[in-house]
$ cat target-v4.txt   # compact mmCIF, C-alpha atoms
# COMPACT_ATOMS: atom_id res chain seq x y z
CA MET A 1 -49.02 -62.40 -54.36
CA LEU A 2 -48.22 -58.99 -55.93
CA ALA A 3 -44.73 -58.27 -57.24
CA PRO A 4 -42.52 -56.45 -54.72
CA ALA A 5 -42.87 -52.71 -55.00
CA ALA A 6 -39.87 -50.45 -54.86
CA ALA A 7 -39.10 -50.14 -51.17
CA GLU A 8 -36.68 -48.64 -48.76
CA ASN A 9 -34.52 -51.13 -46.91
CA VAL A 10 -36.32 -52.72 -44.00
CA PRO A 11 -34.08 -53.15 -40.92
CA VAL A 12 -33.44 -56.72 -39.81
CA PRO A 13 -33.15 -57.84 -36.18
CA LYS A 14 -29.82 -57.51 -34.45
CA PRO A 15 -28.02 -60.86 -34.06
CA ALA A 16 -29.24 -62.88 -31.12
CA PRO A 17 -26.82 -63.33 -28.20
CA LYS A 18 -26.40 -66.97 -29.16
CA ALA A 19 -27.04 -69.13 -32.21
CA ARG A 20 -30.68 -69.97 -32.68
CA ASP A 21 -32.64 -72.40 -34.78
CA ASP A 22 -34.47 -70.85 -37.77
CA LEU A 23 -37.51 -72.99 -36.98
CA GLN A 24 -38.91 -70.97 -34.08
CA PHE A 25 -42.07 -70.10 -35.99
CA SER A 26 -43.03 -73.77 -36.05
CA THR A 27 -42.80 -74.51 -32.35
CA ALA A 28 -42.85 -71.20 -30.52
CA GLY A 29 -45.84 -69.09 -29.55
CA ALA A 30 -46.74 -65.74 -31.06
CA ALA A 31 -45.48 -62.31 -32.02
CA HIS A 32 -45.48 -58.99 -30.21
CA ALA A 33 -47.95 -56.21 -30.84
CA ALA A 34 -48.41 -54.43 -34.13
CA PRO A 35 -45.20 -53.30 -35.81
CA ALA A 36 -43.88 -49.79 -35.44
CA PRO A 37 -44.16 -47.37 -38.38
CA ARG A 38 -42.21 -48.88 -41.26
CA ALA A 39 -40.79 -48.06 -44.61
CA ALA A 40 -42.92 -49.05 -47.59
CA PRO A 41 -42.21 -52.79 -47.93
CA ALA A 42 -42.67 -55.09 -50.85
CA VAL A 43 -46.12 -56.65 -50.97
CA THR A 44 -46.60 -60.33 -51.64
CA GLY A 45 -49.13 -61.50 -54.20
CA SER A 46 -50.53 -64.44 -56.11
CA SER A 47 -48.66 -64.01 -59.38
CA SER A 48 -45.17 -62.87 -58.42
CA ALA A 49 -42.11 -65.01 -58.97
CA VAL A 50 -39.95 -62.58 -56.99
CA PRO A 51 -39.57 -63.20 -53.24
CA PRO A 52 -41.07 -60.41 -51.10
CA GLU A 53 -39.13 -58.35 -48.61
CA PRO A 54 -40.41 -59.44 -45.18
CA VAL A 55 -41.54 -56.69 -42.83
CA ILE A 56 -39.42 -57.02 -39.70
CA PRO A 57 -41.12 -55.80 -36.50
CA ASP A 58 -39.16 -53.26 -34.48
CA PRO A 59 -37.07 -55.35 -32.04
CA ARG A 60 -37.16 -52.47 -29.52
CA ARG A 61 -40.90 -52.65 -29.12
CA HIS A 62 -42.34 -53.44 -25.72
CA SER A 63 -46.10 -53.56 -25.57
CA PRO A 64 -47.52 -54.93 -22.33
CA SER A 65 -50.85 -56.60 -22.89
CA SER A 66 -53.99 -55.67 -21.03
CA LEU A 67 -55.96 -58.34 -19.23
CA PHE A 68 -59.16 -56.73 -20.48
CA THR A 69 -58.53 -55.79 -24.10
CA THR A 70 -61.45 -54.08 -25.84
CA PHE A 71 -61.87 -53.32 -29.53
CA ASP A 72 -64.01 -50.78 -31.35
CA SER A 73 -66.36 -51.66 -34.19
CA THR A 74 -63.70 -51.03 -36.85
CA GLN A 75 -61.21 -53.35 -35.16
CA LYS A 76 -63.87 -56.02 -34.71
CA ALA A 77 -64.71 -55.78 -38.40
CA GLN A 78 -61.04 -56.09 -39.33
CA ALA A 79 -60.59 -59.14 -37.09
CA ALA A 80 -63.76 -60.65 -38.59
CA ARG A 81 -62.37 -60.11 -42.09
CA VAL A 82 -59.16 -61.95 -41.18
CA SER A 83 -61.13 -64.74 -39.50
CA ALA A 84 -63.37 -65.17 -42.56
CA TYR A 85 -60.35 -65.31 -44.87
CA LEU A 86 -58.50 -67.90 -42.78
CA SER A 87 -61.69 -69.97 -42.46
CA SER A 88 -62.27 -69.86 -46.22
CA LEU A 89 -58.96 -71.54 -46.99
CA GLN A 90 -58.97 -75.29 -47.41
CA THR A 91 -55.72 -75.71 -49.33
CA LEU A 92 -52.88 -73.26 -49.84
CA VAL A 93 -49.63 -73.78 -51.72
CA GLY A 94 -46.87 -71.25 -52.24
CA ASN A 95 -43.35 -70.07 -51.51
CA PHE A 96 -41.92 -68.44 -48.41
CA VAL A 97 -39.01 -66.31 -47.22
CA GLN A 98 -38.02 -66.73 -43.59
CA VAL A 99 -35.94 -64.31 -41.52
CA GLY A 100 -34.52 -65.80 -38.32
CA PRO A 101 -33.77 -63.98 -35.05
CA ASP A 102 -30.18 -63.35 -36.18
CA GLY A 103 -31.24 -61.91 -39.54
CA SER A 104 -30.40 -65.06 -41.51
CA ARG A 105 -32.67 -65.76 -44.49
CA THR A 106 -33.94 -69.01 -45.95
CA LYS A 107 -36.49 -69.77 -48.67
CA GLY A 108 -38.64 -72.68 -49.64
CA ASP A 109 -42.07 -74.07 -50.52
CA PHE A 110 -45.06 -74.76 -48.30
CA TYR A 111 -48.23 -76.84 -48.65
CA ILE A 112 -51.34 -76.58 -46.46
CA GLN A 113 -54.26 -78.99 -46.31
CA LYS A 114 -56.82 -78.06 -43.68
CA PRO A 115 -57.53 -79.02 -41.06
CA GLY A 116 -54.16 -79.42 -39.40
CA LYS A 117 -51.79 -80.45 -42.18
CA VAL A 118 -48.81 -78.51 -43.50
CA ARG A 119 -45.40 -79.11 -45.00
CA PHE A 120 -42.52 -76.62 -45.21
CA GLU A 121 -39.61 -77.59 -47.45
CA TYR A 122 -36.52 -75.40 -47.22
CA ASP A 123 -34.34 -74.79 -50.26
CA GLU A 124 -30.79 -76.12 -50.33
CA PRO A 125 -28.46 -75.99 -48.56
CA SER A 126 -30.89 -76.17 -45.63
CA PRO A 127 -31.63 -79.82 -44.76
CA ILE A 128 -34.84 -78.99 -42.89
CA ALA A 129 -38.42 -80.01 -43.58
CA ILE A 130 -41.39 -79.44 -41.27
CA VAL A 131 -44.46 -81.67 -41.47
CA ALA A 132 -47.75 -81.54 -39.55
CA ASP A 133 -50.16 -84.46 -39.93
CA GLY A 134 -53.15 -83.01 -38.10
CA SER A 135 -52.06 -83.75 -34.55
CA SER A 136 -48.25 -83.65 -34.47
CA VAL A 137 -45.49 -81.54 -35.98
CA ALA A 138 -42.21 -83.16 -37.06
CA VAL A 139 -39.05 -81.13 -37.64
CA ARG A 140 -36.80 -83.22 -39.85
CA ASP A 141 -33.10 -82.75 -40.55
CA ARG A 142 -32.02 -84.75 -43.59
CA LYS A 143 -28.33 -84.13 -42.96
CA LEU A 144 -28.38 -85.37 -39.38
CA ALA A 145 -31.18 -87.89 -40.04
CA THR A 146 -33.06 -86.67 -36.98
CA GLN A 147 -36.69 -85.89 -36.30
CA ASP A 148 -38.18 -83.91 -33.39
CA ILE A 149 -41.90 -84.24 -32.65
CA TYR A 150 -44.14 -81.55 -31.10
CA PRO A 151 -47.88 -81.50 -30.42
CA LEU A 152 -49.62 -79.36 -33.03
CA SER A 153 -51.82 -77.94 -30.25
CA GLN A 154 -48.75 -76.28 -28.72
CA THR A 155 -47.61 -74.49 -31.87
CA PRO A 156 -48.91 -71.30 -33.55
CA LEU A 157 -49.42 -73.30 -36.73
CA ARG A 158 -52.80 -74.39 -35.42
CA TYR A 159 -54.27 -70.91 -36.03
CA LEU A 160 -53.40 -71.10 -39.71
CA LEU A 161 -54.52 -74.72 -39.97
CA SER A 162 -57.85 -74.57 -38.14
CA ASP A 163 -60.79 -75.53 -40.31
CA ARG A 164 -62.81 -72.60 -38.98
CA ILE A 165 -61.66 -69.83 -36.64
CA ASP A 166 -63.08 -66.73 -34.99
CA LEU A 167 -60.01 -64.87 -33.79
CA LEU A 168 -61.75 -62.70 -31.20
CA ARG A 169 -63.62 -65.67 -29.75
CA ASP A 170 -61.16 -68.54 -30.17
CA THR A 171 -57.84 -66.83 -29.40
CA ASN A 172 -56.42 -64.20 -27.07
CA VAL A 173 -56.17 -61.25 -29.45
CA VAL A 174 -54.30 -58.34 -27.85
CA SER A 175 -54.01 -55.99 -30.83
CA VAL A 176 -55.81 -55.25 -34.11
CA THR A 177 -54.39 -52.50 -36.32
CA ALA A 178 -54.56 -51.55 -39.98
CA ASP A 179 -52.83 -49.23 -42.43
CA GLU A 180 -52.83 -48.86 -46.21
CA LEU A 181 -50.88 -52.11 -46.63
CA TYR A 182 -51.78 -54.54 -43.85
CA ILE A 183 -54.34 -55.62 -41.31
CA SER A 184 -52.27 -56.86 -38.37
CA VAL A 185 -53.65 -59.12 -35.65
CA VAL A 186 -51.59 -60.06 -32.59
CA ILE A 187 -52.40 -63.22 -30.63
CA GLU A 188 -50.82 -63.81 -27.25
CA GLU A 189 -50.32 -67.06 -25.38
CA LYS A 190 -49.25 -67.46 -21.78
CA GLN A 191 -47.95 -70.80 -20.55
CA VAL A 192 -46.98 -71.23 -16.92
CA MET A 193 -43.90 -73.36 -17.55
CA VAL A 194 -42.75 -71.65 -20.75
CA GLY A 195 -43.72 -67.98 -20.62
CA THR A 196 -45.48 -65.57 -22.94
CA SER A 197 -45.23 -65.84 -26.70
CA ARG A 198 -46.98 -64.03 -29.54
CA LEU A 199 -48.07 -64.47 -33.12
CA LEU A 200 -48.45 -61.49 -35.46
CA LEU A 201 -50.58 -62.25 -38.53
CA MET A 202 -50.49 -59.77 -41.42
CA ILE A 203 -53.16 -59.76 -44.14
CA GLY A 204 -53.16 -57.48 -47.19
CA THR A 205 -55.53 -54.52 -46.72
CA LYS A 206 -56.43 -54.37 -50.40
CA ASP A 207 -56.56 -58.03 -51.47
CA GLY A 208 -57.30 -59.64 -48.09
CA GLN A 209 -54.67 -62.36 -48.59
CA LEU A 210 -52.10 -63.71 -46.15
CA LYS A 211 -48.78 -61.86 -46.44
CA GLN A 212 -46.70 -62.96 -43.50
CA TRP A 213 -46.53 -63.88 -39.85
CA THR A 214 -44.03 -63.24 -37.07
CA VAL A 215 -43.56 -65.48 -34.06
CA THR A 216 -41.97 -64.08 -30.91
CA ASP A 217 -40.83 -66.74 -28.47
CA PRO A 218 -40.83 -66.29 -24.67
CA GLN A 219 -37.22 -65.05 -24.83
CA GLY A 220 -38.28 -62.21 -27.14
CA TYR A 221 -36.72 -63.53 -30.36
CA ASP A 222 -38.61 -63.02 -33.63
CA THR A 223 -38.92 -65.32 -36.63
CA THR A 224 -40.74 -63.80 -39.61
CA VAL A 225 -42.16 -65.75 -42.56
CA ALA A 226 -43.42 -63.91 -45.67
CA VAL A 227 -45.42 -65.92 -48.24
CA TYR A 228 -46.00 -65.37 -51.96
CA ASN A 229 -47.08 -67.11 -55.18
CA LEU A 230 -50.14 -68.36 -53.31
CA ASP A 231 -52.39 -70.93 -54.99
CA THR A 232 -55.68 -71.97 -53.37
CA THR A 233 -56.69 -74.35 -56.17
CA ARG A 234 -53.81 -76.82 -56.07
CA LYS A 235 -54.47 -80.02 -54.10
CA PRO A 236 -51.36 -81.33 -52.32
CA ASP A 237 -50.63 -85.06 -52.33
CA PRO A 238 -51.89 -86.46 -48.97
CA SER A 239 -48.69 -88.48 -48.59
CA MET A 240 -46.76 -85.23 -48.12
CA PHE A 241 -48.22 -84.90 -44.63
CA LYS A 242 -47.41 -88.35 -43.30
CA ILE A 243 -45.00 -88.62 -40.37
CA ASP A 244 -42.98 -91.81 -39.92
CA PHE A 245 -42.77 -92.12 -36.15
CA THR A 246 -40.90 -95.42 -36.20
CA ASN A 247 -37.79 -94.95 -38.30
CA TYR A 248 -37.07 -91.62 -39.96
CA ALA A 249 -33.28 -91.90 -39.77
CA THR A 250 -31.42 -93.11 -42.87
CA PRO A 251 -27.92 -94.54 -42.41
CA PRO A 252 -25.22 -92.19 -43.82
CA GLY A 253 -23.98 -93.05 -47.29

$ encode --input "target-v4.txt" --output "structure tokens"
Amino acid sequence: MLAPAAAENVPVPKPAPKARDDLQFSTAGAAHAAPAPRAAPAVTGSSSAVPPEPVIPDPRRHSPSSLFTTFDSTQKAQAARVSAYLSSLQTLVGNFVQVGPDGSRTKGDFYIQKPGKVRFEYDEPSPIAIVADGSSVAVRDRKLATQDIYPLSQTPLRYLLSDRIDLLRDTNVVSVTADELYISVVIEEKQVMVGTSRLLLMIGTKDGQLKQWTVTDPQGYDTTVAVYNLDTTRKPDPSMFKIDFTNYATPPG
């Protein structure tokens, strides 16, 4: 996406009370309501080789959701624009910068093949790769030779990977806001046994392209992923999305 503009420093979340996995965006629910007023951040784009500066939502925010959320015509049009953009994507390849709940940063590459398939490869020294094959999500650790499996239907990835989506009809949207930089849509999920989680999707106001998302888990911890160098013409190799459910582990050495 666009090269990062000169920006003031964006505050990062305070360290979490305990160590947390940087993979919360892959298995948690969604992000809190629209971010508080922010300094002018870098904007991602389709031709930049420079990682963007992720916009970190204000960790002090508390925005109770309404059971009966209503939107005006402008908000409905903005949500429709985001829905049309997400539905138009069939493949998407690019780079990402991830900021964990403790402020730690990792980078890597991602590959999307709709419906339902994605691969996130983290740069060294991270040993992590995340693969979704259309129904399951595998979180692989090359160093430990382990693999954890989650249903895709229980992760926020499904909103990005749906073949077609109407956000206002198909999800529980609790907030739609826009400024000169972003259209922000907040989706909330409530699970009886787990709690409430949120996903904040941010699309560029000017170019209409995906910029980042933030997942807030039921404990209130945020994981933000900003994407850049997006390519909608590249066709990923289908083998990248295969999950070996029988024997992922490789003996050390």

$ residues_around --input "target-v4.txt" --residues "Gln75 in chain A" --least-positions-apart "6" --cutoff "9 Å" --atoms "all atoms listed in the file" --output "ChimeraX atom specification"
/A:175-178

$ residues_around --input "target-v4.txt" --residues "Met202 in chain A" --least-positions-apart "6" --cutoff "9 Å" --atoms "all atoms listed in the file" --output "number ranges by chain"
A: 82, 182-186, 209-214

$ write_last_selection --input "target-v4.txt" --atoms "C-alpha atoms" --output "PDB file, in the frame of the given file"
ATOM      1  CA  VAL A  82     -59.160 -61.950 -41.180  1.00  0.00           C
ATOM      2  CA  TYR A 182     -51.780 -54.540 -43.850  1.00  0.00           C
ATOM      3  CA  ILE A 183     -54.340 -55.620 -41.310  1.00  0.00           C
ATOM      4  CA  SER A 184     -52.270 -56.860 -38.370  1.00  0.00           C
ATOM      5  CA  VAL A 185     -53.650 -59.120 -35.650  1.00  0.00           C
ATOM      6  CA  VAL A 186     -51.590 -60.060 -32.590  1.00  0.00           C
ATOM      7  CA  GLN A 209     -54.670 -62.360 -48.590  1.00  0.00           C
ATOM      8  CA  LEU A 210     -52.100 -63.710 -46.150  1.00  0.00           C
ATOM      9  CA  LYS A 211     -48.780 -61.860 -46.440  1.00  0.00           C
ATOM     10  CA  GLN A 212     -46.700 -62.960 -43.500  1.00  0.00           C
ATOM     11  CA  TRP A 213     -46.530 -63.880 -39.850  1.00  0.00           C
ATOM     12  CA  THR A 214     -44.030 -63.240 -37.070  1.00  0.00           C
TER      13      THR A 214
END

$ atom_distance --input "target-v4.txt" --atom1 "CA of Tyr228 in chain A" --atom2 "CA of Phe96 in chain A"
6.2 Å

$ residues_around --input "target-v4.txt" --residues "Pro127 in chain A" --least-positions-apart "3" --cutoff "8 Å" --atoms "only C-alpha atoms" --output "MDAnalysis selection string"
chainID A and resid 122:124 140:143

$ closest_residue --input "target-v4.txt" --among "A:Thr246, A:Thr224, A:Ser83, A:Ser239" --to "Pro57 in chain A" --atoms "all atoms listed in the file"
A:Thr224

$ atom_distance --input "target-v4.txt" --atom1 "CA of Leu181 in chain A" --atom2 "CA of Ala77 in chain A"
16.5 Å

$ closest_residue --input "target-v4.txt" --among "A:Asp109, A:Asp148, A:Asp237, A:Asp163" --to "Gly134 in chain A" --atoms "all atoms listed in the file"
A:Asp163

$ atom_distance --input "target-v4.txt" --atom1 "CA of Val93 in chain A" --atom2 "CA of Phe110 in chain A"
5.8 Å

$ residues_around --input "target-v4.txt" --residues "Thr91 in chain A" --least-positions-apart "4" --cutoff "12 Å" --atoms "all atoms listed in the file" --output "ChimeraX atom specification"
/A:86-87,110-119,160-163,230-238

$ axis_aligned_box --input "target-v4.txt" --around "range 95-103 of chain A" --padding-each-side "4 Å" --output "lines of an AutoDock Vina configuration file"
center_x = -36.8
center_y = -66.0
center_z = -43.3
size_x = 21.2
size_y = 16.2
size_z = 24.5

$ closest_residue --input "target-v4.txt" --among "A:Thr70, A:Gln78, A:Thr216, A:Ser153" --to "Leu167 in chain A" --atoms "only C-alpha atoms"
A:Gln78

$ closest_residue --input "target-v4.txt" --among "A:Gly100, A:Pro156, A:Pro125, A:Gly204" --to "Val227 in chain A" --atoms "all atoms listed in the file"
A:Gly204

$ closest_residue --input "target-v4.txt" --among "A:Leu144, A:Ile243, A:Val173, A:Val50" --to "Lys107 in chain A" --atoms "all atoms listed in the file"
A:Val50

$ closest_residue --input "target-v4.txt" --among "A:Ala129, A:Met193, A:Leu199, A:Val99" --to "Arg158 in chain A" --atoms "all atoms listed in the file"
A:Leu199

$ decode --input "target-v4.txt" --residues "range 68-80 of chain A" --atoms "N, CA and C atoms" --output "PDB file, in the first residue's frame"
ATOM      1  N   PHE A  68     -29.413  -3.064  20.392  1.00  0.00           N
ATOM      2  CA  PHE A  68     -30.124  -2.638  19.193  1.00  0.00           C
ATOM      3  C   PHE A  68     -29.351  -1.491  18.541  1.00  0.00           C
ATOM      4  N   THR A  69     -28.275  -1.835  17.847  1.00  0.00           N
ATOM      5  CA  THR A  69     -27.452  -0.836  17.190  1.00  0.00           C
ATOM      6  C   THR A  69     -28.106  -0.422  15.881  1.00  0.00           C
ATOM      7  N   THR A  70     -28.209   0.892  15.670  1.00  0.00           N
ATOM      8  CA  THR A  70     -28.760   1.404  14.416  1.00  0.00           C
ATOM      9  C   THR A  70     -27.712   2.272  13.738  1.00  0.00           C
ATOM     10  N   PHE A  71     -27.783   2.340  12.405  1.00  0.00           N
ATOM     11  CA  PHE A  71     -26.814   3.109  11.642  1.00  0.00           C
ATOM     12  C   PHE A  71     -27.549   4.022  10.676  1.00  0.00           C
ATOM     13  N   ASP A  72     -26.980   5.216  10.457  1.00  0.00           N
ATOM     14  CA  ASP A  72     -27.595   6.134   9.510  1.00  0.00           C
ATOM     15  C   ASP A  72     -27.190   5.753   8.090  1.00  0.00           C
ATOM     16  N   SER A  73     -27.689   6.483   7.118  1.00  0.00           N
ATOM     17  CA  SER A  73     -27.441   6.131   5.717  1.00  0.00           C
ATOM     18  C   SER A  73     -25.964   6.195   5.360  1.00  0.00           C
ATOM     19  N   THR A  74     -25.231   7.160   5.957  1.00  0.00           N
ATOM     20  CA  THR A  74     -23.800   7.276   5.676  1.00  0.00           C
ATOM     21  C   THR A  74     -23.049   6.063   6.199  1.00  0.00           C
ATOM     22  N   GLN A  75     -23.359   5.640   7.416  1.00  0.00           N
ATOM     23  CA  GLN A  75     -22.704   4.473   7.996  1.00  0.00           C
ATOM     24  C   GLN A  75     -23.035   3.207   7.216  1.00  0.00           C
ATOM     25  N   LYS A  76     -24.277   3.094   6.777  1.00  0.00           N
ATOM     26  CA  LYS A  76     -24.659   1.923   5.983  1.00  0.00           C
ATOM     27  C   LYS A  76     -23.891   1.896   4.665  1.00  0.00           C
ATOM     28  N   ALA A  77     -23.708   3.068   4.066  1.00  0.00           N
ATOM     29  CA  ALA A  77     -22.960   3.140   2.813  1.00  0.00           C
ATOM     30  C   ALA A  77     -21.493   2.773   3.036  1.00  0.00           C
ATOM     31  N   GLN A  78     -20.925   3.210   4.167  1.00  0.00           N
ATOM     32  CA  GLN A  78     -19.544   2.889   4.469  1.00  0.00           C
ATOM     33  C   GLN A  78     -19.374   1.387   4.701  1.00  0.00           C
ATOM     34  N   ALA A  79     -20.307   0.789   5.448  1.00  0.00           N
ATOM     35  CA  ALA A  79     -20.250  -0.658   5.685  1.00  0.00           C
ATOM     36  C   ALA A  79     -20.417  -1.418   4.375  1.00  0.00           C
ATOM     37  N   ALA A  80     -21.289  -0.922   3.502  1.00  0.00           N
ATOM     38  CA  ALA A  80     -21.492  -1.572   2.201  1.00  0.00           C
ATOM     39  C   ALA A  80     -20.228  -1.497   1.360  1.00  0.00           C
TER      40      ALA A  80
END
